[in-house]
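Chemist: Input structure: model-v2.pdb, which contains PDB, C-alpha atoms.
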ATOM      1  CA  MET A   1     -39.889 -61.839 -61.652  1.00  0.00           C
ATOM      2  CA  PRO A   2     -40.079 -59.629 -64.746  1.00  0.00           C
ATOM      3  CA  ALA A   3     -37.788 -60.545 -67.629  1.00  0.00           C
ATOM      4  CA  ARG A   4     -36.272 -57.070 -67.481  1.00  0.00           C
ATOM      5  CA  PRO A   5     -36.343 -54.346 -64.859  1.00  0.00           C
ATOM      6  CA  GLU A   6     -39.482 -52.233 -64.859  1.00  0.00           C
ATOM      7  CA  ARG A   7     -39.825 -48.534 -64.184  1.00  0.00           C
ATOM      8  CA  ALA A   8     -41.709 -48.074 -60.915  1.00  0.00           C
ATOM      9  CA  PHE A   9     -42.752 -44.995 -58.976  1.00  0.00           C
ATOM     10  CA  VAL A  10     -43.237 -44.993 -55.208  1.00  0.00           C
ATOM     11  CA  GLY A  11     -45.043 -42.282 -53.270  1.00  0.00           C
ATOM     12  CA  VAL A  12     -43.582 -41.464 -49.860  1.00  0.00           C
ATOM     13  CA  GLY A  13     -45.481 -39.566 -47.185  1.00  0.00           C
ATOM     14  CA  ALA A  14     -45.526 -38.945 -43.443  1.00  0.00           C
ATOM     15  CA  ASN A  15     -47.288 -36.592 -41.038  1.00  0.00           C
ATOM     16  CA  LEU A  16     -46.343 -37.798 -37.558  1.00  0.00           C
ATOM     17  CA  GLY A  17     -43.127 -37.108 -35.683  1.00  0.00           C
ATOM     18  CA  ASP A  18     -40.269 -35.550 -37.665  1.00  0.00           C
ATOM     19  CA  ALA A  19     -41.951 -36.171 -41.014  1.00  0.00           C
ATOM     20  CA  GLN A  20     -39.198 -34.537 -43.096  1.00  0.00           C
ATOM     21  CA  ALA A  21     -36.527 -36.734 -41.529  1.00  0.00           C
ATOM     22  CA  THR A  22     -38.733 -39.798 -41.924  1.00  0.00           C
ATOM     23  CA  VAL A  23     -39.370 -39.146 -45.621  1.00  0.00           C
ATOM     24  CA  ARG A  24     -35.665 -38.579 -46.255  1.00  0.00           C
ATOM     25  CA  ALA A  25     -34.784 -41.808 -44.405  1.00  0.00           C
ATOM     26  CA  ALA A  26     -37.467 -43.744 -46.293  1.00  0.00           C
ATOM     27  CA  LEU A  27     -36.097 -42.505 -49.612  1.00  0.00           C
ATOM     28  CA  GLN A  28     -32.692 -43.759 -48.489  1.00  0.00           C
ATOM     29  CA  ALA A  29     -34.233 -47.125 -47.554  1.00  0.00           C
ATOM     30  CA  LEU A  30     -35.674 -47.420 -51.069  1.00  0.00           C
ATOM     31  CA  ARG A  31     -32.111 -47.195 -52.401  1.00  0.00           C
ATOM     32  CA  GLY A  32     -31.381 -50.460 -50.577  1.00  0.00           C
ATOM     33  CA  LEU A  33     -34.179 -52.561 -52.077  1.00  0.00           C
ATOM     34  CA  PRO A  34     -32.888 -55.803 -53.604  1.00  0.00           C
ATOM     35  CA  GLN A  35     -32.896 -56.193 -57.384  1.00  0.00           C
ATOM     36  CA  THR A  36     -33.696 -52.500 -57.610  1.00  0.00           C
ATOM     37  CA  GLN A  37     -31.841 -49.447 -58.851  1.00  0.00           C
ATOM     38  CA  TRP A  38     -32.535 -45.916 -57.659  1.00  0.00           C
ATOM     39  CA  VAL A  39     -33.229 -43.616 -60.619  1.00  0.00           C
ATOM     40  CA  ALA A  40     -34.499 -40.319 -59.201  1.00  0.00           C
ATOM     41  CA  GLY A  41     -36.245 -38.672 -56.306  1.00  0.00           C
ATOM     42  CA  SER A  42     -38.407 -35.570 -56.208  1.00  0.00           C
ATOM     43  CA  SER A  43     -38.126 -32.629 -53.900  1.00  0.00           C
ATOM     44  CA  LEU A  44     -40.044 -32.659 -50.622  1.00  0.00           C
ATOM     45  CA  TYR A  45     -43.538 -31.193 -50.645  1.00  0.00           C
ATOM     46  CA  ARG A  46     -45.860 -30.123 -47.841  1.00  0.00           C
ATOM     47  CA  SER A  47     -49.564 -30.772 -48.338  1.00  0.00           C
ATOM     48  CA  ARG A  48     -52.740 -30.655 -46.328  1.00  0.00           C
ATOM     49  CA  PRO A  49     -54.357 -34.019 -45.594  1.00  0.00           C
ATOM     50  CA  VAL A  50     -56.873 -35.083 -48.263  1.00  0.00           C
ATOM     51  CA  ASP A  51     -59.965 -36.918 -47.014  1.00  0.00           C
ATOM     52  CA  ALA A  52     -58.289 -37.062 -43.592  1.00  0.00           C
ATOM     53  CA  VAL A  53     -57.466 -35.013 -40.508  1.00  0.00           C
ATOM     54  CA  GLY A  54     -54.182 -34.354 -38.765  1.00  0.00           C
ATOM     55  CA  PRO A  55     -50.984 -32.425 -39.385  1.00  0.00           C
ATOM     56  CA  ASP A  56     -49.754 -31.525 -42.860  1.00  0.00           C
ATOM     57  CA  TYR A  57     -47.984 -34.266 -44.781  1.00  0.00           C
ATOM     58  CA  ILE A  58     -44.483 -34.266 -46.139  1.00  0.00           C
ATOM     59  CA  ASN A  59     -44.446 -36.052 -49.495  1.00  0.00           C
ATOM     60  CA  ALA A  60     -42.016 -37.113 -52.205  1.00  0.00           C
ATOM     61  CA  VAL A  61     -41.871 -39.584 -55.078  1.00  0.00           C
ATOM     62  CA  ALA A  62     -39.058 -41.964 -56.025  1.00  0.00           C
ATOM     63  CA  GLU A  63     -38.429 -43.483 -59.438  1.00  0.00           C
ATOM     64  CA  LEU A  64     -36.921 -46.968 -59.398  1.00  0.00           C
ATOM     65  CA  ARG A  65     -35.924 -49.648 -61.905  1.00  0.00           C
ATOM     66  CA  THR A  66     -36.747 -52.989 -60.362  1.00  0.00           C
ATOM     67  CA  ALA A  67     -36.641 -56.667 -61.215  1.00  0.00           C
ATOM     68  CA  LEU A  68     -39.025 -57.327 -58.309  1.00  0.00           C
ATOM     69  CA  ALA A  69     -42.528 -58.192 -59.498  1.00  0.00           C
ATOM     70  CA  PRO A  70     -45.308 -55.866 -58.258  1.00  0.00           C
ATOM     71  CA  HIS A  71     -46.487 -57.936 -55.274  1.00  0.00           C
ATOM     72  CA  PRO A  72     -42.987 -58.669 -53.887  1.00  0.00           C
ATOM     73  CA  LEU A  73     -42.147 -54.980 -54.342  1.00  0.00           C
ATOM     74  CA  LEU A  74     -45.293 -54.014 -52.432  1.00  0.00           C
ATOM     75  CA  GLN A  75     -44.310 -56.422 -49.644  1.00  0.00           C
ATOM     76  CA  ARG A  76     -40.850 -54.806 -49.423  1.00  0.00           C
ATOM     77  CA  LEU A  77     -42.486 -51.376 -49.194  1.00  0.00           C
ATOM     78  CA  GLN A  78     -44.730 -52.581 -46.380  1.00  0.00           C
ATOM     79  CA  ASP A  79     -41.682 -54.029 -44.608  1.00  0.00           C
ATOM     80  CA  ILE A  80     -40.050 -50.584 -44.741  1.00  0.00           C
ATOM     81  CA  GLU A  81     -43.244 -48.989 -43.380  1.00  0.00           C
ATOM     82  CA  GLN A  82     -43.254 -51.416 -40.457  1.00  0.00           C
ATOM     83  CA  ALA A  83     -39.590 -50.706 -39.756  1.00  0.00           C
ATOM     84  CA  PHE A  84     -40.596 -47.040 -39.390  1.00  0.00           C
ATOM     85  CA  GLY A  85     -43.393 -47.895 -36.949  1.00  0.00           C
ATOM     86  CA  ARG A  86     -46.357 -47.799 -39.340  1.00  0.00           C
ATOM     87  CA  VAL A  87     -49.544 -48.993 -37.713  1.00  0.00           C
ATOM     88  CA  ARG A  88     -52.537 -49.654 -39.961  1.00  0.00           C
ATOM     89  CA  SER A  89     -55.490 -48.623 -37.816  1.00  0.00           C
ATOM     90  CA  VAL A  90     -58.212 -46.785 -39.713  1.00  0.00           C
ATOM     91  CA  ARG A  91     -58.220 -45.637 -43.319  1.00  0.00           C
ATOM     92  CA  ASN A  92     -56.530 -42.256 -43.870  1.00  0.00           C
ATOM     93  CA  ALA A  93     -55.301 -42.050 -40.274  1.00  0.00           C
ATOM     94  CA  PRO A  94     -52.198 -39.949 -39.590  1.00  0.00           C
ATOM     95  CA  ARG A  95     -49.085 -42.061 -40.099  1.00  0.00           C
ATOM     96  CA  THR A  96     -45.408 -42.260 -39.392  1.00  0.00           C
ATOM     97  CA  LEU A  97     -44.772 -43.430 -42.970  1.00  0.00           C
ATOM     98  CA  ASP A  98     -46.826 -44.291 -46.022  1.00  0.00           C
ATOM     99  CA  LEU A  99     -45.250 -45.929 -49.085  1.00  0.00           C
ATOM    100  CA  ASP A 100     -47.518 -46.361 -52.095  1.00  0.00           C
ATOM    101  CA  LEU A 101     -46.650 -48.244 -55.261  1.00  0.00           C
ATOM    102  CA  LEU A 102     -48.010 -45.685 -57.716  1.00  0.00           C
ATOM    103  CA  LEU A 103     -46.951 -47.054 -61.091  1.00  0.00           C
ATOM    104  CA  TYR A 104     -45.234 -50.204 -62.296  1.00  0.00           C
ATOM    105  CA  GLY A 105     -44.335 -49.793 -65.948  1.00  0.00           C
ATOM    106  CA  ASP A 106     -47.586 -49.504 -67.864  1.00  0.00           C
ATOM    107  CA  ARG A 107     -49.150 -52.313 -65.825  1.00  0.00           C
ATOM    108  CA  VAL A 108     -52.847 -52.151 -65.030  1.00  0.00           C
ATOM    109  CA  LEU A 109     -53.753 -54.494 -62.192  1.00  0.00           C
ATOM    110  CA  HIS A 110     -56.493 -54.852 -59.622  1.00  0.00           C
ATOM    111  CA  ASP A 111     -56.650 -57.604 -57.013  1.00  0.00           C
ATOM    112  CA  ASP A 112     -57.247 -57.922 -53.283  1.00  0.00           C
ATOM    113  CA  THR A 113     -53.857 -56.441 -52.321  1.00  0.00           C
ATOM    114  CA  LEU A 114     -52.765 -54.134 -55.131  1.00  0.00           C
ATOM    115  CA  THR A 115     -54.244 -51.750 -57.680  1.00  0.00           C
ATOM    116  CA  LEU A 116     -52.053 -50.310 -60.435  1.00  0.00           C
ATOM    117  CA  PRO A 117     -51.892 -47.547 -61.225  1.00  0.00           C
ATOM    118  CA  HIS A 118     -52.651 -46.393 -57.697  1.00  0.00           C
ATOM    119  CA  PRO A 119     -56.402 -45.712 -57.754  1.00  0.00           C
ATOM    120  CA  ARG A 120     -56.290 -42.037 -56.725  1.00  0.00           C
ATOM    121  CA  LEU A 121     -52.892 -40.884 -57.987  1.00  0.00           C
ATOM    122  CA  HIS A 122     -54.424 -38.821 -60.813  1.00  0.00           C
ATOM    123  CA  LEU A 123     -56.515 -36.884 -58.259  1.00  0.00           C
ATOM    124  CA  ARG A 124     -53.804 -35.976 -55.748  1.00  0.00           C
ATOM    125  CA  ALA A 125     -51.534 -32.952 -56.157  1.00  0.00           C
ATOM    126  CA  PHE A 126     -49.112 -34.403 -53.591  1.00  0.00           C
ATOM    127  CA  VAL A 127     -48.434 -37.244 -56.043  1.00  0.00           C
ATOM    128  CA  LEU A 128     -48.864 -35.437 -59.364  1.00  0.00           C
ATOM    129  CA  GLN A 129     -46.491 -32.554 -58.609  1.00  0.00           C
ATOM    130  CA  PRO A 130     -43.534 -34.761 -57.567  1.00  0.00           C
ATOM    131  CA  LEU A 131     -44.198 -37.076 -60.539  1.00  0.00           C
ATOM    132  CA  ALA A 132     -44.151 -34.072 -62.884  1.00  0.00           C
ATOM    133  CA  GLU A 133     -40.897 -32.895 -61.338  1.00  0.00           C
ATOM    134  CA  ILE A 134     -39.268 -36.247 -62.147  1.00  0.00           C
ATOM    135  CA  ASP A 135     -40.855 -36.746 -65.585  1.00  0.00           C
ATOM    136  CA  PRO A 136     -43.201 -34.041 -66.903  1.00  0.00           C
ATOM    137  CA  ARG A 137     -44.052 -36.176 -69.971  1.00  0.00           C
ATOM    138  CA  LEU A 138     -45.107 -39.189 -67.901  1.00  0.00           C
ATOM    139  CA  VAL A 139     -48.299 -40.889 -69.081  1.00  0.00           C
ATOM    140  CA  LEU A 140     -50.552 -42.475 -66.480  1.00  0.00           C
ATOM    141  CA  PRO A 141     -52.049 -45.738 -67.775  1.00  0.00           C
ATOM    142  CA  GLY A 142     -55.757 -45.197 -68.285  1.00  0.00           C
ATOM    143  CA  HIS A 143     -55.539 -41.467 -67.489  1.00  0.00           C
ATOM    144  CA  GLY A 144     -53.173 -39.828 -69.999  1.00  0.00           C
ATOM    145  CA  GLY A 145     -50.651 -37.092 -69.327  1.00  0.00           C
ATOM    146  CA  LEU A 146     -50.036 -35.284 -66.052  1.00  0.00           C
ATOM    147  CA  ALA A 147     -50.809 -31.674 -67.078  1.00  0.00           C
ATOM    148  CA  PRO A 148     -54.633 -31.859 -67.171  1.00  0.00           C
ATOM    149  CA  TRP A 149     -54.727 -33.670 -63.830  1.00  0.00           C
ATOM    150  CA  LEU A 150     -52.327 -31.171 -62.256  1.00  0.00           C
ATOM    151  CA  ALA A 151     -54.606 -28.337 -63.382  1.00  0.00           C
ATOM    152  CA  ARG A 152     -57.626 -30.053 -61.779  1.00  0.00           C
ATOM    153  CA  ALA A 153     -55.729 -30.516 -58.495  1.00  0.00           C
ATOM    154  CA  ALA A 154     -54.359 -26.965 -58.365  1.00  0.00           C
ATOM    155  CA  ASP A 155     -56.503 -26.017 -55.363  1.00  0.00           C
ATOM    156  CA  GLN A 156     -55.172 -28.766 -53.091  1.00  0.00           C
ATOM    157  CA  GLY A 157     -52.561 -26.660 -51.323  1.00  0.00           C
ATOM    158  CA  ILE A 158     -49.175 -28.182 -52.014  1.00  0.00           C
ATOM    159  CA  GLU A 159     -45.868 -26.416 -51.391  1.00  0.00           C
ATOM    160  CA  ARG A 160     -42.375 -27.442 -52.520  1.00  0.00           C
ATOM    161  CA  ILE A 161     -40.197 -27.145 -49.416  1.00  0.00           C
ATOM    162  CA  GLY A 162     -36.789 -28.223 -50.680  1.00  0.00           C
ATOM    163  CA  ALA A 163     -34.541 -31.032 -51.726  1.00  0.00           C
ATOM    164  CA  ALA A 164     -34.889 -34.485 -50.300  1.00  0.00           C
TER     165      ALA A 164
END
Write the structure described by the file as structure tokens, please.
Modeler:
Amino acid sequence: MPARPERAFVGVGANLGDAQATVRAALQALRGLPQTQWVAGSSLYRSRPVDAVGPDYINAVAELRTALAPHPLLQRLQDIEQAFGRVRSVRNAPRTLDLDLLLYGDRVLHDDTLTLPHPRLHLRAFVLQPLAEIDPRLVLPGHGGLAPWLARAADQGIERIGAA
């Protein structure tokens, strides 16, 4: 367990069933994580699937302060996904809920179960835009500030659709 709570960001997405309701409920579930304090949540965004097929996604990002270490936090996120009926079939398949640990402080990590920062977060408008809404001055470890990455992802078709 970290000596002090760390700032963590979690990406939330869904594109099956009532995706808006699912994302809102998942954000609420994040508020109940042990040893974790809710800090902020972004608006909801609609985006086209990237490197995938299926309906549009509903996405959001949550900022947390957590005393859970990265791997136990990831396990809790996967537990929430399972509670929402997530089935891991093929990569990038449509899903009832996807929770991604995007950032954990300034930690850089790569092992068999977790990569921090999330390996594609700097390339995805559906992550960058909600992150910028929460903290426009956020620095991505190994990638720098958000603005240049947002500009590069401007053609990805993301739409803010309202409050979570």
Chemist: Would you compute, for all listed atoms of range 54-57 of chain A, the axis-aligned bounding box grown by 6 Å on each side, and then report its centre and edge lengths in Å rounded to one decimal, as JSON?
Modeler:
{"center_x": -51.1, "center_y": -32.9, "center_z": -41.8, "size_x": 18.2, "size_y": 14.8, "size_z": 18.0}
Chemist: Would you pick out the contacts of Thr115 in chain A at 12 Å or less, using all atoms listed in the file, so that residues sharing its chain but fewer than 6 positions from it are not included, and give the list as a ChimeraX atom specification?
Modeler: /A:70-71,74,100-104,107-109,121,141
Chemist: Might you spell out which residues the PyMOL selection byres ((chain A and resi 132-135) around 9) would select in the displayed file, as a tab-separated table (two decimals) with C-alpha atoms, in the coordinates of the input?
Modeler:
chain	number	residue	atom	x	y	z
A	40	ALA	CA	-34.50	-40.32	-59.20
A	41	GLY	CA	-36.24	-38.67	-56.31
A	42	SER	CA	-38.41	-35.57	-56.21
A	43	SER	CA	-38.13	-32.63	-53.90
A	61	VAL	CA	-41.87	-39.58	-55.08
A	62	ALA	CA	-39.06	-41.96	-56.02
A	63	GLU	CA	-38.43	-43.48	-59.44
A	127	VAL	CA	-48.43	-37.24	-56.04
A	128	LEU	CA	-48.86	-35.44	-59.36
A	129	GLN	CA	-46.49	-32.55	-58.61
A	130	PRO	CA	-43.53	-34.76	-57.57
A	131	LEU	CA	-44.20	-37.08	-60.54
A	136	PRO	CA	-43.20	-34.04	-66.90
A	137	ARG	CA	-44.05	-36.18	-69.97
A	138	LEU	CA	-45.11	-39.19	-67.90
A	146	LEU	CA	-50.04	-35.28	-66.05
A	147	ALA	CA	-50.81	-31.67	-67.08
A	150	LEU	CA	-52.33	-31.17	-62.26
Chemist: Could you tell me, as a VMD selection string, exactly which residues end up selected when the PyMOL selection byres ((chain A and resi 80) around 12) is applied to this structure?
Modeler: chain A and resid 12 22 to 23 25 to 33 73 to 79 81 to 87 96 to 100
Chemist: Evaluate the PyMOL selection byres ((chain A and resi 37) around 8) here and jot the selected residues down as an mmCIF file with C-alpha atoms, in the frame of the given file.
Modeler:
data_model
loop_
_atom_site.group_PDB
_atom_site.id
_atom_site.type_symbol
_atom_site.label_atom_id
_atom_site.label_comp_id
_atom_site.auth_asym_id
_atom_site.auth_seq_id
_atom_site.Cartn_x
_atom_site.Cartn_y
_atom_site.Cartn_z
ATOM 1 C CA ARG A 31 -32.111 -47.195 -52.401
ATOM 2 C CA LEU A 33 -34.179 -52.561 -52.077
ATOM 3 C CA GLN A 35 -32.896 -56.193 -57.384
ATOM 4 C CA THR A 36 -33.696 -52.500 -57.610
ATOM 5 C CA TRP A 38 -32.535 -45.916 -57.659
ATOM 6 C CA VAL A 39 -33.229 -43.616 -60.619
ATOM 7 C CA LEU A 64 -36.921 -46.968 -59.398
ATOM 8 C CA ARG A 65 -35.924 -49.648 -61.905
ATOM 9 C CA THR A 66 -36.747 -52.989 -60.362
#
Chemist: Using all atoms listed in the file, pick whichever of A:Leu114, A:Ala8, A:Ala151, A:Ala164 has the shortest atom-to-atom distance to Ala67 in chain A.
Modeler: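 Answer, going by the shortest atom-to-atom distance: A:Ala8.
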Chemist: Using all atoms listed in the file, which of A:Val50, A:Leu16, A:Leu140, A:Ala154 sits nearest Pro117 in chain A?
Modeler: A:Leu140
Chemist: Could you check how far CA of Val139 in chain A sits from CA of Asp155 in chain A, in Å to one decimal?
Modeler: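 Distance between the two atoms: 21.8 Å.
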Chemist: Give me range 133-149 of chain A with N, CA and C atoms filled in, as a PDB file, in the coordinates of the input.
Modeler:
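Output contents, as saved in rebuild-v9.pdb:
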ATOM      1  N   GLU A 133     -42.271 -33.362 -61.538  1.00  0.00           N
ATOM      2  CA  GLU A 133     -40.897 -32.895 -61.338  1.00  0.00           C
ATOM      3  C   GLU A 133     -39.905 -33.916 -61.894  1.00  0.00           C
ATOM      4  N   ILE A 134     -40.165 -35.192 -61.670  1.00  0.00           N
ATOM      5  CA  ILE A 134     -39.268 -36.247 -62.147  1.00  0.00           C
ATOM      6  C   ILE A 134     -39.400 -36.439 -63.657  1.00  0.00           C
ATOM      7  N   ASP A 135     -40.634 -36.494 -64.162  1.00  0.00           N
ATOM      8  CA  ASP A 135     -40.855 -36.746 -65.585  1.00  0.00           C
ATOM      9  C   ASP A 135     -42.131 -36.045 -66.035  1.00  0.00           C
ATOM     10  N   PRO A 136     -42.012 -34.796 -66.520  1.00  0.00           N
ATOM     11  CA  PRO A 136     -43.201 -34.041 -66.903  1.00  0.00           C
ATOM     12  C   PRO A 136     -43.988 -34.666 -68.059  1.00  0.00           C
ATOM     13  N   ARG A 137     -43.367 -35.543 -68.830  1.00  0.00           N
ATOM     14  CA  ARG A 137     -44.052 -36.176 -69.971  1.00  0.00           C
ATOM     15  C   ARG A 137     -44.639 -37.542 -69.613  1.00  0.00           C
ATOM     16  N   LEU A 138     -44.597 -37.894 -68.340  1.00  0.00           N
ATOM     17  CA  LEU A 138     -45.107 -39.189 -67.901  1.00  0.00           C
ATOM     18  C   LEU A 138     -46.581 -39.350 -68.279  1.00  0.00           C
ATOM     19  N   VAL A 139     -46.921 -40.549 -68.745  1.00  0.00           N
ATOM     20  CA  VAL A 139     -48.299 -40.889 -69.081  1.00  0.00           C
ATOM     21  C   VAL A 139     -48.798 -41.893 -68.054  1.00  0.00           C
ATOM     22  N   LEU A 140     -49.940 -41.601 -67.474  1.00  0.00           N
ATOM     23  CA  LEU A 140     -50.552 -42.475 -66.480  1.00  0.00           C
ATOM     24  C   LEU A 140     -51.464 -43.464 -67.196  1.00  0.00           C
ATOM     25  N   PRO A 141     -51.196 -44.765 -67.092  1.00  0.00           N
ATOM     26  CA  PRO A 141     -52.049 -45.738 -67.775  1.00  0.00           C
ATOM     27  C   PRO A 141     -53.529 -45.535 -67.428  1.00  0.00           C
ATOM     28  N   GLY A 142     -54.326 -45.390 -68.471  1.00  0.00           N
ATOM     29  CA  GLY A 142     -55.757 -45.197 -68.285  1.00  0.00           C
ATOM     30  C   GLY A 142     -56.175 -43.767 -68.020  1.00  0.00           C
ATOM     31  N   HIS A 143     -55.205 -42.847 -67.845  1.00  0.00           N
ATOM     32  CA  HIS A 143     -55.539 -41.467 -67.489  1.00  0.00           C
ATOM     33  C   HIS A 143     -54.872 -40.427 -68.369  1.00  0.00           C
ATOM     34  N   GLY A 144     -53.858 -40.788 -69.132  1.00  0.00           N
ATOM     35  CA  GLY A 144     -53.173 -39.828 -69.999  1.00  0.00           C
ATOM     36  C   GLY A 144     -52.079 -39.065 -69.283  1.00  0.00           C
ATOM     37  N   GLY A 145     -51.745 -37.907 -69.835  1.00  0.00           N
ATOM     38  CA  GLY A 145     -50.651 -37.092 -69.327  1.00  0.00           C
ATOM     39  C   GLY A 145     -50.956 -36.421 -67.995  1.00  0.00           C
ATOM     40  N   LEU A 146     -49.916 -35.892 -67.380  1.00  0.00           N
ATOM     41  CA  LEU A 146     -50.036 -35.284 -66.052  1.00  0.00           C
ATOM     42  C   LEU A 146     -50.676 -33.901 -66.058  1.00  0.00           C
ATOM     43  N   ALA A 147     -50.419 -33.091 -67.091  1.00  0.00           N
ATOM     44  CA  ALA A 147     -50.809 -31.674 -67.078  1.00  0.00           C
ATOM     45  C   ALA A 147     -52.298 -31.444 -66.792  1.00  0.00           C
ATOM     46  N   PRO A 148     -53.218 -32.135 -67.474  1.00  0.00           N
ATOM     47  CA  PRO A 148     -54.633 -31.859 -67.171  1.00  0.00           C
ATOM     48  C   PRO A 148     -55.009 -32.214 -65.734  1.00  0.00           C
ATOM     49  N   TRP A 149     -54.420 -33.261 -65.204  1.00  0.00           N
ATOM     50  CA  TRP A 149     -54.727 -33.670 -63.830  1.00  0.00           C
ATOM     51  C   TRP A 149     -54.131 -32.686 -62.830  1.00  0.00           C
TER      52      TRP A 149
END
